[in-house]
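**Q** See structure_14.cif below, with mmCIF, C-alpha atoms and all ligand atoms.
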```cif
data_model
loop_
_atom_site.label_atom_id
_atom_site.label_comp_id
_atom_site.auth_asym_id
_atom_site.auth_seq_id
_atom_site.Cartn_x
_atom_site.Cartn_y
_atom_site.Cartn_z
CA MET A 1 68.15 18.04 -78.65
CA THR A 2 68.67 14.28 -78.60
CA ASP A 3 70.38 14.71 -81.99
CA ILE A 4 73.46 16.08 -80.30
CA LEU A 5 73.60 13.01 -78.11
CA GLN A 6 73.38 10.71 -81.10
CA GLU A 7 75.94 12.72 -83.01
CA ARG A 8 78.38 12.27 -80.16
CA GLY A 9 77.84 8.56 -79.87
CA PHE A 10 75.61 8.32 -76.79
CA VAL A 11 73.24 5.40 -77.29
CA ILE A 12 69.94 5.55 -75.41
CA TYR A 13 67.70 2.52 -74.98
CA ARG A 14 64.37 4.04 -74.01
CA GLY A 15 62.20 1.91 -71.77
CA TYR A 16 64.76 -0.87 -71.82
CA LEU A 17 63.38 -2.22 -68.53
CA ASP A 18 59.64 -2.70 -68.18
CA ARG A 19 57.92 -1.93 -64.89
CA SER A 20 58.34 -5.39 -63.41
CA ALA A 21 62.03 -5.49 -64.35
CA GLN A 22 62.45 -2.05 -62.75
CA GLU A 23 60.77 -3.29 -59.57
CA SER A 24 63.02 -6.36 -59.36
CA LEU A 25 66.06 -4.18 -59.92
CA VAL A 26 65.02 -1.87 -57.09
CA ASP A 27 64.73 -4.91 -54.78
CA VAL A 28 68.18 -6.03 -55.78
CA VAL A 29 69.62 -2.55 -55.20
CA ARG A 30 67.94 -2.42 -51.78
CA ASP A 31 69.65 -5.70 -50.83
CA VAL A 32 73.00 -4.19 -51.77
CA LEU A 33 72.30 -1.01 -49.82
CA GLU A 34 71.46 -3.01 -46.71
CA GLN A 35 75.05 -4.25 -46.79
CA VAL A 36 76.74 -1.04 -47.93
CA PRO A 37 74.58 1.98 -47.04
CA LEU A 38 74.42 5.14 -49.12
CA VAL A 39 76.82 7.85 -48.01
CA GLN A 40 76.92 11.51 -48.87
CA PRO A 41 80.41 12.05 -50.29
CA VAL A 42 82.29 15.33 -50.03
CA THR A 43 84.46 16.75 -52.77
CA PRO A 44 88.22 16.90 -52.17
CA ARG A 45 87.61 20.52 -51.11
CA GLY A 46 85.14 19.36 -48.49
CA LYS A 47 81.90 20.41 -50.20
CA PRO A 48 79.09 17.87 -49.67
CA MET A 49 77.74 16.41 -52.91
CA SER A 50 73.97 16.40 -53.33
CA VAL A 51 73.92 12.83 -54.64
CA ARG A 52 74.31 9.95 -52.17
CA MET A 53 76.40 6.98 -53.26
CA SER A 54 77.26 3.37 -52.71
CA ALA A 55 78.46 0.59 -55.00
CA ALA A 56 78.75 -3.09 -55.85
CA GLY A 57 81.62 -4.93 -57.48
CA GLU A 58 85.37 -5.18 -56.88
CA PHE A 59 85.54 -1.39 -56.62
CA GLY A 60 83.37 1.49 -55.60
CA TRP A 61 83.98 5.10 -56.51
CA VAL A 62 84.47 7.28 -53.45
CA SER A 63 85.23 10.92 -52.83
CA ASP A 64 86.40 12.56 -49.63
CA ARG A 65 88.96 15.05 -48.34
CA GLY A 66 91.66 12.66 -49.55
CA GLY A 67 90.47 13.01 -53.18
CA TYR A 68 88.31 10.84 -55.39
CA ARG A 69 89.27 7.34 -56.40
CA TYR A 70 88.15 3.76 -56.84
CA ALA A 71 88.29 1.96 -53.50
CA PRO A 72 88.04 -1.78 -52.72
CA THR A 73 85.85 -1.18 -49.66
CA HIS A 74 82.99 1.04 -48.50
CA PRO A 75 84.14 3.98 -46.34
CA ASN A 76 83.01 1.93 -43.31
CA GLY A 77 85.49 -0.84 -44.23
CA THR A 78 82.94 -3.34 -45.63
CA GLU A 79 83.76 -5.07 -48.92
CA TRP A 80 81.37 -4.10 -51.72
CA PRO A 81 78.89 -6.88 -52.50
CA PRO A 82 79.16 -8.52 -55.94
CA ILE A 83 77.39 -6.86 -58.87
CA PRO A 84 73.94 -8.50 -58.99
CA ALA A 85 73.27 -10.90 -61.87
CA GLU A 86 70.32 -8.78 -63.08
CA VAL A 87 72.65 -5.83 -63.51
CA LEU A 88 75.37 -7.87 -65.24
CA ALA A 89 72.74 -9.11 -67.69
CA ILE A 90 72.07 -5.54 -68.83
CA TRP A 91 75.79 -4.97 -69.43
CA GLN A 92 76.05 -8.23 -71.41
CA ASP A 93 73.13 -7.22 -73.55
CA VAL A 94 73.90 -3.60 -74.41
CA SER A 95 77.58 -2.83 -73.81
CA GLY A 96 79.22 -4.74 -76.66
CA ALA A 97 82.21 -4.81 -74.29
CA THR A 98 84.90 -7.45 -74.19
CA ARG A 99 85.33 -7.21 -70.43
CA ARG A 100 83.08 -7.48 -67.40
CA PRO A 101 82.22 -4.44 -65.29
CA GLU A 102 84.15 -4.14 -62.03
CA CYS A 103 82.12 -1.34 -60.51
CA CYS A 104 78.41 -0.70 -60.30
CA LEU A 105 78.14 2.74 -58.81
CA ILE A 106 74.80 3.46 -57.17
CA ASN A 107 73.83 7.13 -57.23
CA TRP A 108 70.74 8.23 -55.33
CA TYR A 109 69.21 11.60 -56.17
CA GLY A 110 66.77 13.06 -53.67
CA GLU A 111 64.81 16.27 -54.16
CA GLY A 112 67.12 19.01 -55.43
CA ALA A 113 70.06 16.70 -56.12
CA ARG A 114 72.14 17.16 -59.25
CA MET A 115 75.46 16.18 -60.70
CA GLY A 116 77.69 18.74 -62.41
CA LEU A 117 79.21 18.17 -65.84
CA HIS A 118 82.17 15.82 -65.54
CA GLN A 119 84.08 13.17 -67.45
CA ASP A 120 84.38 9.55 -66.32
CA ARG A 121 88.13 9.19 -66.58
CA ASP A 122 89.38 7.42 -63.48
CA GLU A 123 89.29 4.08 -65.30
CA ALA A 124 92.42 2.49 -66.79
CA ASP A 125 90.87 1.02 -69.95
CA LEU A 126 88.95 3.71 -71.80
CA THR A 127 88.16 1.35 -74.68
CA GLN A 128 85.46 -0.11 -72.40
CA PRO A 129 82.12 1.71 -72.34
CA VAL A 130 80.11 3.02 -69.40
CA VAL A 131 76.53 1.80 -69.08
CA SER A 132 73.99 3.74 -67.04
CA VAL A 133 70.58 2.58 -65.85
CA SER A 134 67.92 5.01 -64.60
CA LEU A 135 65.24 4.08 -62.06
CA GLY A 136 62.56 6.18 -60.41
CA ASP A 137 62.11 9.90 -60.97
CA SER A 138 63.10 11.40 -64.31
CA GLY A 139 66.44 13.18 -64.54
CA LEU A 140 67.56 15.84 -67.01
CA PHE A 141 70.76 14.38 -68.43
CA ARG A 142 73.14 16.81 -70.12
CA MET A 143 75.88 15.87 -72.47
CA GLY A 144 78.71 18.01 -73.73
CA ASN A 145 82.07 17.56 -75.39
CA VAL A 146 85.35 15.85 -74.65
CA ASP A 147 86.87 19.27 -74.03
CA ARG A 148 85.27 21.63 -71.56
CA GLY A 149 82.74 24.09 -72.97
CA GLY A 150 81.03 24.12 -76.35
CA SER A 151 77.49 23.15 -77.14
CA THR A 152 75.58 20.70 -74.99
CA GLY A 153 72.37 18.75 -75.44
CA SER A 154 70.01 17.37 -72.87
CA VAL A 155 67.39 14.71 -72.58
CA TRP A 156 65.06 13.53 -69.82
CA LEU A 157 66.00 10.04 -68.72
CA ASP A 158 63.02 8.13 -67.39
CA SER A 159 62.76 5.05 -65.24
CA GLY A 160 63.92 2.01 -67.19
CA ASP A 161 66.08 3.93 -69.68
CA VAL A 162 69.62 2.69 -70.31
CA VAL A 163 72.45 4.79 -71.76
CA VAL A 164 75.68 3.45 -73.25
CA MET A 165 78.61 5.85 -73.35
CA GLY A 166 81.21 4.20 -75.51
CA GLY A 167 83.42 5.09 -78.46
CA ALA A 168 83.38 8.83 -79.13
CA ALA A 169 81.02 9.42 -76.20
CA ARG A 170 83.21 7.65 -73.64
CA LEU A 171 85.09 10.78 -72.59
CA CYS A 172 82.36 13.33 -73.21
CA HIS A 173 81.33 15.55 -70.33
CA HIS A 174 77.93 14.68 -68.87
CA GLY A 175 75.86 15.42 -65.81
CA VAL A 176 72.36 15.68 -64.40
CA ASP A 177 70.91 19.19 -64.12
CA ARG A 178 67.92 18.29 -62.00
CA ILE A 179 65.36 15.64 -61.32
CA ARG A 180 61.59 15.82 -61.46
CA PHE A 181 61.03 14.80 -57.87
CA GLY A 182 57.96 12.62 -57.48
CA SER A 183 57.47 12.06 -61.22
CA SER A 184 57.68 8.28 -60.88
CA THR A 185 55.84 5.90 -58.57
CA LEU A 186 58.63 3.31 -58.63
CA LEU A 187 60.26 4.43 -55.38
CA PRO A 188 57.57 4.97 -52.74
CA ARG A 189 59.30 8.00 -51.24
CA GLY A 190 60.42 9.44 -54.58
CA GLY A 191 63.94 10.00 -55.84
CA ARG A 192 66.07 8.74 -58.68
CA ILE A 193 68.53 5.87 -58.69
CA ASN A 194 71.21 5.71 -61.34
CA LEU A 195 73.44 2.68 -61.70
CA THR A 196 76.66 3.16 -63.66
CA LEU A 197 78.65 0.15 -64.72
CA ARG A 198 82.33 0.49 -65.49
CA VAL A 199 85.45 -1.54 -66.09
CA VAL A 200 87.99 -0.02 -63.71
CA THR A 201 91.38 -1.70 -64.21
C1 LIG B 301 77.08 9.74 -63.57
O1 LIG B 301 77.54 10.30 -64.53
O2 LIG B 301 77.80 9.19 -62.72
C2 LIG B 301 75.59 9.64 -63.35
C3 LIG B 301 74.77 9.94 -64.54
C4 LIG B 301 73.32 9.83 -64.21
O3 LIG B 301 72.93 9.94 -63.05
O4 LIG B 301 72.50 9.65 -65.15
FE FE2 B 302 79.62 10.09 -65.02
#
```
Would you put the structure from the file into structure tokens?
Ligand code: SIN
Ligand code: FE2

**A**
Amino acid sequence: MTDILQERGFVIYRGYLDRSAQESLVDVVRDVLEQVPLVQPVTPRGKPMSVRMSAAGEFGWVSDRGGYRYAPTHPNGTEWPPIPAEVLAIWQDVSGATRRPECCLINWYGEGARMGLHQDRDEADLTQPVVSVSLGDSGLFRMGNVDRGGSTGSVWLDSGDVVVMGGAARLCHHGVDRIRFGSSTLLPRGGRINLTLRVVT
């Protein structure tokens, strides 16, 4: 199944972060979340999403009754903290990008959370890749096509895995079908954290 992902240009760095790097990253994410707490967004139609979100960087991605968009502040009015150096270092190492990320979206998946197939297309410069970092419980990542429909492939992303969606994969649909709640010991109360780094402007 991973063949489809490779064919479409998704690059997966398995076990990119070792356990101690994962633990430091969790600490860093916790510091961010103390400043800008996770919120449960609703879709523009008012349906609560199962994933809780926050962000670091110049912009965070938010969704509410007013639509979804990049916003310069948390819904509570606080400015997003800067993207931590540890996270920027991953981007520098794997992205091959010419620009720096302006958003580090923090997605938190609790038991039963999922994310439907979607494209990341709210960014202005689609020549820049998206980099995603997985921490905690494993998540079943599904990847489809640029157009809706057609064949899809899926792969379990484990704690410490990093995915680069650039080139042909940049506009491919992707999502998370489910997580294996409690499969990792990284987060004491379980759950999965996914960080996605993006250039926004
Ligand atoms: C996303 O597409 O925003 C998240 C992907 C993931 O959680 O692995
Ligand atoms: Fe996405």

**Q** I need the residue nearest ligand FE2 302 (chain B) from this list: A:Ser54, A:Ser159, A:Ser184, A:Ser132. Use only C-alpha atoms and all ligand atoms for the distance.

**A**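 Of A:Ser54, A:Ser159, A:Ser184, A:Ser132, the one nearest ligand FE2 302 (chain B), counting only C-alpha atoms and all ligand atoms, is A:Ser132.
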
**Q** When the cut-off is 9 Å and you count only C-alpha atoms and all ligand atoms, which residues lie near ligand LIG 301 (chain B), shown as a ChimeraX atom specification?

**A** /A:51,105-109,114-120,132-134,139-142,157,163,173-176,192-196

**Q** Grab the atom CA of A:Val36 to atom CA of A:Tyr13 distance for me, in Å with one decimal place.

**A**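 Between atom CA of A:Val36 and atom CA of A:Tyr13 the gap is 28.7 Å.
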
**Q** Counting only C-alpha atoms and all ligand atoms, figure out which residue out of A:Gly167, A:Gly144, A:Pro37, A:Pro188 gets nearest to ligand FE2 302 (chain B).

**A**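 Once distances to ligand FE2 302 (chain B) are computed over only C-alpha atoms and all ligand atoms, the minimum belongs to A:Gly144.
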
**Q** Write out as a PyMOL selection string which residues come within 12 Å of A:Ser183 when counting all atoms listed in the file, dropping same-chain ones fewer than 4 positions away.

**A** chain A and resi 111+135-139+156-159+179+187-192

**Q** Near A:Gly66, counting all atoms listed in the file, which residues have an atom at most 7 Å away, once you skip same-chain residues fewer than 2 positions from it, shown as a list in words?

**A**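 In the requested form, the answer reads Pro44, Asp64 and Tyr68 of chain A.
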
**Q** As an exercise, work out the distance from atom CA of A:Arg8 to atom CA of A:Met53 in Å and give it to one decimal place.

**A**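 The value is 27.5 Å.
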
**Q** Choose the residue, out of A:Asp147, A:Asp161, A:Asp18, A:Asp122, that has the smallest atom-to-atom separation from ligand FE2 302 (chain B); count all atoms listed in the file.

**A**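 When distances to ligand FE2 302 (chain B) are compared using all atoms listed in the file, the smallest one comes from A:Asp122.
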
**Q** From the options A:Gly153, A:Pro72, A:Gly160, A:Pro129, which residue's atoms come nearest to ligand FE2 302 (chain B), counting all atoms listed in the file?

**A**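 Closest residue, counting all atoms listed in the file: A:Pro129.
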
**Q** Report, in Å to a single decimal, how far apart atom CA of A:Thr201 and atom CA of A:Trp61 are.

**A**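 Separating atom CA of A:Trp61 from atom CA of A:Thr201 is a distance of 12.7 Å.
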
**Q** Got a sec to check which residues sit within 6 Å of (79.9, 10.7, -78.1), counting all atoms listed in the file, and write them as a ChimeraX atom specification?

**A** /A:8-10,168-169

**Q** Mind giving me the axis-aligned box for stretch 165-176 of chain A with 6 Å on every side, centre plus edges in Å to one decimal, as AutoDock Vina command-line options?

**A**
```
--center_x 78.7 --center_y 9.9 --center_z -71.8 --size_x 24.7 --size_y 23.5 --size_z 26.7
```

**Q** N, CA and C atoms are needed for stretch 58-73 of chain A; please write them out as a PDB file, in the frame of the given file.

**A**
```pdb
ATOM      1  N   GLU A  58      84.033  -5.163 -57.500  1.00  0.00           N
ATOM      2  CA  GLU A  58      85.370  -5.180 -56.880  1.00  0.00           C
ATOM      3  C   GLU A  58      85.749  -3.792 -56.358  1.00  0.00           C
ATOM      4  N   PHE A  59      85.197  -2.760 -57.007  1.00  0.00           N
ATOM      5  CA  PHE A  59      85.540  -1.390 -56.620  1.00  0.00           C
ATOM      6  C   PHE A  59      84.296  -0.532 -56.529  1.00  0.00           C
ATOM      7  N   GLY A  60      84.371   0.442 -55.630  1.00  0.00           N
ATOM      8  CA  GLY A  60      83.370   1.490 -55.600  1.00  0.00           C
ATOM      9  C   GLY A  60      84.093   2.802 -55.833  1.00  0.00           C
ATOM     10  N   TRP A  61      83.364   3.791 -56.310  1.00  0.00           N
ATOM     11  CA  TRP A  61      83.980   5.100 -56.510  1.00  0.00           C
ATOM     12  C   TRP A  61      83.674   5.936 -55.279  1.00  0.00           C
ATOM     13  N   VAL A  62      84.696   6.480 -54.660  1.00  0.00           N
ATOM     14  CA  VAL A  62      84.470   7.280 -53.450  1.00  0.00           C
ATOM     15  C   VAL A  62      85.162   8.633 -53.576  1.00  0.00           C
ATOM     16  N   SER A  63      84.631   9.590 -52.856  1.00  0.00           N
ATOM     17  CA  SER A  63      85.230  10.920 -52.830  1.00  0.00           C
ATOM     18  C   SER A  63      85.208  11.421 -51.397  1.00  0.00           C
ATOM     19  N   ASP A  64      86.325  11.969 -50.964  1.00  0.00           N
ATOM     20  CA  ASP A  64      86.400  12.560 -49.630  1.00  0.00           C
ATOM     21  C   ASP A  64      87.531  13.580 -49.628  1.00  0.00           C
ATOM     22  N   ARG A  65      87.889  14.053 -48.466  1.00  0.00           N
ATOM     23  CA  ARG A  65      88.960  15.050 -48.340  1.00  0.00           C
ATOM     24  C   ARG A  65      90.277  14.560 -48.940  1.00  0.00           C
ATOM     25  N   GLY A  66      90.424  13.236 -49.008  1.00  0.00           N
ATOM     26  CA  GLY A  66      91.660  12.660 -49.550  1.00  0.00           C
ATOM     27  C   GLY A  66      91.661  12.618 -51.076  1.00  0.00           C
ATOM     28  N   GLY A  67      90.554  13.044 -51.714  1.00  0.00           N
ATOM     29  CA  GLY A  67      90.470  13.010 -53.180  1.00  0.00           C
ATOM     30  C   GLY A  67      89.408  12.017 -53.611  1.00  0.00           C
ATOM     31  N   TYR A  68      89.266  11.850 -54.937  1.00  0.00           N
ATOM     32  CA  TYR A  68      88.310  10.840 -55.390  1.00  0.00           C
ATOM     33  C   TYR A  68      89.085   9.720 -56.067  1.00  0.00           C
ATOM     34  N   ARG A  69      88.541   8.519 -55.928  1.00  0.00           N
ATOM     35  CA  ARG A  69      89.270   7.340 -56.400  1.00  0.00           C
ATOM     36  C   ARG A  69      88.357   6.121 -56.373  1.00  0.00           C
ATOM     37  N   TYR A  70      88.798   5.052 -57.004  1.00  0.00           N
ATOM     38  CA  TYR A  70      88.150   3.760 -56.840  1.00  0.00           C
ATOM     39  C   TYR A  70      88.725   3.111 -55.591  1.00  0.00           C
ATOM     40  N   ALA A  71      87.846   2.557 -54.759  1.00  0.00           N
ATOM     41  CA  ALA A  71      88.290   1.960 -53.500  1.00  0.00           C
ATOM     42  C   ALA A  71      87.719   0.547 -53.383  1.00  0.00           C
ATOM     43  N   PRO A  72      88.495  -0.394 -52.845  1.00  0.00           N
ATOM     44  CA  PRO A  72      88.040  -1.780 -52.720  1.00  0.00           C
ATOM     45  C   PRO A  72      87.031  -2.002 -51.604  1.00  0.00           C
ATOM     46  N   THR A  73      86.842  -1.024 -50.727  1.00  0.00           N
ATOM     47  CA  THR A  73      85.850  -1.180 -49.660  1.00  0.00           C
ATOM     48  C   THR A  73      85.026   0.114 -49.497  1.00  0.00           C
TER      49      THR A  73
END
```
